[in-house]
Amino acid sequence: MKRMKFYLPLLLMILALASCKSNKKGNSDWLKEYDVKVAIDETFKPIMDNLAQSYGMAYSEANMKPIYESEDQAIRDLVNDSVRCIIVTRKLNDNELTIIRSHHLDATQAMIASDAIALVVNKENKDSLITLDEIKGIVTGKITRWEQLSNHTKRGELKLVFDASGSSTVRYMKDSLCNGKDLKGNVYASEGKSNQSVLDMVQANPNIIGIVGANWLMDKTGNALANFSKLPFNVMRVSRTADGTSKYVRPYQYYIATADYPLLRSVYIIHTDPRSQSQLKNFFFYAKGQKGQTIICNNSQMLPITPVQVKDVSIKD
């Protein structure tokens with residue numbers, strides 16, 4: 001019995017040590033994970049598909065897992081530690097950073113591009129000029145008919161369609177055009193709750209103005225466009241003022257760079273990965289590094305943060 005009393009604590013100690021070793025091994029396995037799970041604002045799906053694919057080809061061991069959802073949901077997922085990397089159009093606020101730190105994590109945030117909000121209409125609709133004040137009038141409910149626009153040929157009810165509630169597009173319109181207030185008037189979410197759904201609805205209905213990320217203004221080649229005329233919809237020209245002091249321009253990269261196009265926003269990549277080395281953290285640096293910036297510049301209308309060369313071209317549309 002005395003020997004049993006001696007061996008029993010010893011046996012329990014050995015089992016406890018084995019359990020600790022097992023937990024350390026499990027943690028080590030997690031540290032070697034090659035998953036690149038990133039929650040991405042659905043507005044950026046075309047270019048981020050390209051970026052994720054390019055990174056996966058450059059690093060074959062990486063297991064790419066992009067998740068496309070609303071900006072609001074992506075930020076919630078990061079704050080709740082469901083994902084540890086997101087691509088959105090704003091930095092985290094103090095409350096969100098506090099919650100992340102409560103998980104014993106920290107957030108690293110970097111701007112990777114400038115983006116534009118584009119207004120698109122049916123190919124049959126020749127009303128392609130609009131001012132910033134008129135856009136504000138539409139989303140605040142003051143303008144509900146085509147004949148209220150200063151440059152119009154159409155008459156009748158005007159409807160503006162965005163992707164979905166909780167999207168970065170809606171937040172942009174509320175913060176930049178409505179002084180933080182809810183949208184009013186003839187403003188609706190698209191049937192499919194996506195940017196592609198907005199484009200589909202515009203092509204089917206000449207009374208609709210669609211609002212999408214400029215990243216969706218692309219042809220089958222997937223390259224940045226110097227001319228929108230061959231797209232299956234018309235891209236509206238926007239002016240900051242109605243008095244002629246500002247020109248009407250479309251969201252080409254050049255006018256994003258010069259800020260002549262007024263509907264601009266920033267794009268950020270944010271991660272909370274505590275590992276010193278990982279595929280996820282490597283993707284973060286890839287997106288804001290030379291290779292990622294080249295992909296953004298060449299394959300989207302977004303403007304990279306790295307210096308770009310401006311060339312004179314003839315645009316006929």
# chains A, B, ... in the order shown; residues from 1 in each chain; ligands from 1
>>> select_by_dssp(residues="range 81-317 of chain A", states="strand (DSSP E)", output="PyMOL selection string")
chain A and resi 85-88+108-121+129-131+159-162+187-189+208-213+234-235+237-239+264-271+303-304
>>> closest_atom_pairs(of="range 128-173 of chain A", to="range 78-101 of chain A", cutoff="12 Å", atoms="only C-alpha atoms", output="JSON lines")
{"residue": "A:Ser167", "atom": "CA", "partner": "A:Val88", "partner_atom": "CA", "distance": 9.8}
{"residue": "A:Ser168", "atom": "CA", "partner": "A:Thr89", "partner_atom": "CA", "distance": 6.6}
{"residue": "A:Thr169", "atom": "CA", "partner": "A:Thr89", "partner_atom": "CA", "distance": 9.2}
{"residue": "A:Val170", "atom": "CA", "partner": "A:Thr89", "partner_atom": "CA", "distance": 11.6}
{"residue": "A:Arg171", "atom": "CA", "partner": "A:Thr89", "partner_atom": "CA", "distance": 9.5}
{"residue": "A:Tyr172", "atom": "CA", "partner": "A:Thr89", "partner_atom": "CA", "distance": 8.9}
>>> write_last_selection(atoms="N, CA, C and O atoms", output="PDB file, in the first residue's frame")
ATOM      1  N   SER A 167     -22.470  47.159 -46.520  1.00  0.00           N
ATOM      2  CA  SER A 167     -21.334  47.208 -47.440  1.00  0.00           C
ATOM      3  C   SER A 167     -20.554  48.497 -47.268  1.00  0.00           C
ATOM      4  O   SER A 167     -21.053  49.488 -46.724  1.00  0.00           O
ATOM      5  N   SER A 168     -19.330  48.504 -47.771  1.00  0.00           N
ATOM      6  CA  SER A 168     -18.502  49.709 -47.712  1.00  0.00           C
ATOM      7  C   SER A 168     -19.095  50.817 -48.574  1.00  0.00           C
ATOM      8  O   SER A 168     -18.919  52.002 -48.272  1.00  0.00           O
ATOM      9  N   THR A 169     -19.799  50.450 -49.626  1.00  0.00           N
ATOM     10  CA  THR A 169     -20.435  51.445 -50.487  1.00  0.00           C
ATOM     11  C   THR A 169     -21.503  52.225 -49.721  1.00  0.00           C
ATOM     12  O   THR A 169     -21.582  53.450 -49.810  1.00  0.00           O
ATOM     13  N   VAL A 170     -22.324  51.516 -48.967  1.00  0.00           N
ATOM     14  CA  VAL A 170     -23.365  52.167 -48.170  1.00  0.00           C
ATOM     15  C   VAL A 170     -22.733  53.056 -47.098  1.00  0.00           C
ATOM     16  O   VAL A 170     -23.171  54.190 -46.872  1.00  0.00           O
ATOM     17  N   ARG A 171     -21.705  52.533 -46.425  1.00  0.00           N
ATOM     18  CA  ARG A 171     -21.036  53.337 -45.393  1.00  0.00           C
ATOM     19  C   ARG A 171     -20.440  54.602 -46.004  1.00  0.00           C
ATOM     20  O   ARG A 171     -20.516  55.692 -45.424  1.00  0.00           O
ATOM     21  N   TYR A 172     -19.865  54.492 -47.198  1.00  0.00           N
ATOM     22  CA  TYR A 172     -19.291  55.656 -47.868  1.00  0.00           C
ATOM     23  C   TYR A 172     -20.373  56.703 -48.147  1.00  0.00           C
ATOM     24  O   TYR A 172     -20.185  57.895 -47.889  1.00  0.00           O
TER      25      TYR A 172
END
>>> select_by_dssp(residues="range 199-235 of chain A", states="alpha helix (DSSP H)", output="compact mmCIF listing (two decimals) with all heavy atoms, in the first residue's frame")
# COMPACT_ATOMS: atom_id res chain seq x y z
N LEU A 199 -24.76 45.50 -61.45
CA LEU A 199 -24.48 45.63 -62.88
C LEU A 199 -25.54 44.91 -63.71
O LEU A 199 -25.97 45.40 -64.76
CB LEU A 199 -23.10 45.06 -63.20
CG LEU A 199 -21.91 45.80 -62.54
CD1 LEU A 199 -20.60 45.12 -62.90
CD2 LEU A 199 -21.89 47.26 -62.94
N ASP A 200 -25.98 43.75 -63.25
CA ASP A 200 -27.03 43.00 -63.96
C ASP A 200 -28.33 43.79 -64.01
O ASP A 200 -29.02 43.84 -65.05
CB ASP A 200 -27.26 41.65 -63.30
CG ASP A 200 -26.08 40.71 -63.44
OD1 ASP A 200 -25.24 40.94 -64.34
OD2 ASP A 200 -25.98 39.74 -62.65
N MET A 201 -28.69 44.42 -62.89
CA MET A 201 -29.93 45.19 -62.83
C MET A 201 -29.86 46.43 -63.71
O MET A 201 -30.84 46.80 -64.36
CB MET A 201 -30.23 45.57 -61.38
CG MET A 201 -30.60 44.39 -60.49
SD MET A 201 -30.94 44.87 -58.77
CE MET A 201 -32.47 45.81 -58.97
N VAL A 202 -28.71 47.07 -63.75
CA VAL A 202 -28.53 48.25 -64.60
C VAL A 202 -28.69 47.89 -66.07
O VAL A 202 -29.34 48.61 -66.84
CB VAL A 202 -27.15 48.89 -64.34
CG1 VAL A 202 -26.78 49.86 -65.47
CG2 VAL A 202 -27.13 49.60 -63.00
N GLN A 203 -28.13 46.76 -66.47
CA GLN A 203 -28.22 46.34 -67.86
C GLN A 203 -29.64 45.95 -68.26
O GLN A 203 -29.99 45.96 -69.44
CB GLN A 203 -27.26 45.17 -68.11
CG GLN A 203 -25.79 45.56 -68.00
CD GLN A 203 -24.86 44.37 -68.11
OE1 GLN A 203 -24.77 43.72 -69.15
NE2 GLN A 203 -24.15 44.08 -67.03
N ALA A 204 -30.47 45.64 -67.27
CA ALA A 204 -31.84 45.23 -67.55
C ALA A 204 -32.85 46.37 -67.43
O ALA A 204 -33.97 46.26 -67.93
CB ALA A 204 -32.25 44.09 -66.60
>>> residues_around(residues="range 249-262 of chain A", least_positions_apart="5", cutoff="10 Å", atoms="only C-alpha atoms", output="ChimeraX atom specification")
/A:114-119,128-132,213-215,217,224-228,235-241,297,300-305,308-311
>>> residues_around(residues="Tyr34 in chain A", least_positions_apart="5", cutoff="8 Å", atoms="only C-alpha atoms", output="mmCIF file with all heavy atoms, in the first residue's frame")
data_model
loop_
_atom_site.group_PDB
_atom_site.id
_atom_site.type_symbol
_atom_site.label_atom_id
_atom_site.label_comp_id
_atom_site.auth_asym_id
_atom_site.auth_seq_id
_atom_site.Cartn_x
_atom_site.Cartn_y
_atom_site.Cartn_z
ATOM 1 N N GLU A 61 2.969 26.442 -51.398
ATOM 2 C CA GLU A 61 2.594 25.816 -50.130
ATOM 3 C C GLU A 61 1.442 26.550 -49.440
ATOM 4 O O GLU A 61 0.827 26.021 -48.503
ATOM 5 C CB GLU A 61 3.805 25.764 -49.184
ATOM 6 C CG GLU A 61 4.302 27.112 -48.686
ATOM 7 C CD GLU A 61 5.283 27.792 -49.634
ATOM 8 O OE1 GLU A 61 5.304 27.433 -50.824
ATOM 9 O OE2 GLU A 61 6.023 28.677 -49.176
ATOM 10 N N ALA A 62 1.142 27.763 -49.886
ATOM 11 C CA ALA A 62 0.066 28.543 -49.275
ATOM 12 C C ALA A 62 -1.295 27.977 -49.656
ATOM 13 O O ALA A 62 -1.544 27.612 -50.800
ATOM 14 C CB ALA A 62 0.160 29.998 -49.715
ATOM 15 N N ASN A 63 -2.175 27.904 -48.678
ATOM 16 C CA ASN A 63 -3.542 27.428 -48.889
ATOM 17 C C ASN A 63 -4.472 28.637 -48.850
ATOM 18 O O ASN A 63 -4.896 29.087 -47.797
ATOM 19 C CB ASN A 63 -3.907 26.413 -47.801
ATOM 20 C CG ASN A 63 -5.271 25.800 -48.018
ATOM 21 O OD1 ASN A 63 -5.839 25.891 -49.103
ATOM 22 N ND2 ASN A 63 -5.811 25.177 -46.986
ATOM 23 N N SER A 278 4.649 33.650 -41.045
ATOM 24 C CA SER A 278 3.507 32.831 -41.466
ATOM 25 C C SER A 278 3.140 33.213 -42.890
ATOM 26 O O SER A 278 3.490 34.294 -43.370
ATOM 27 C CB SER A 278 2.307 33.045 -40.537
ATOM 28 O OG SER A 278 1.796 34.363 -40.683
ATOM 29 N N GLN A 279 2.414 32.339 -43.569
ATOM 30 C CA GLN A 279 1.947 32.654 -44.913
ATOM 31 C C GLN A 279 0.958 33.816 -44.882
ATOM 32 O O GLN A 279 0.916 34.635 -45.793
ATOM 33 C CB GLN A 279 1.295 31.421 -45.558
ATOM 34 C CG GLN A 279 2.276 30.360 -46.010
ATOM 35 C CD GLN A 279 3.167 30.837 -47.144
ATOM 36 O OE1 GLN A 279 2.816 31.758 -47.882
ATOM 37 N NE2 GLN A 279 4.318 30.213 -47.285
ATOM 38 N N LEU A 280 0.166 33.891 -43.825
ATOM 39 C CA LEU A 280 -0.802 34.981 -43.708
ATOM 40 C C LEU A 280 -0.101 36.328 -43.614
ATOM 41 O O LEU A 280 -0.455 37.286 -44.311
ATOM 42 C CB LEU A 280 -1.691 34.761 -42.479
ATOM 43 C CG LEU A 280 -2.809 35.781 -42.261
ATOM 44 C CD1 LEU A 280 -3.794 35.751 -43.418
ATOM 45 C CD2 LEU A 280 -3.532 35.512 -40.947
#
>>> closest_residue(among="A:Met111, A:Ala164, A:Ile295, A:Leu158", to="Val212 in chain A", atoms="only C-alpha atoms")
A:Ala164
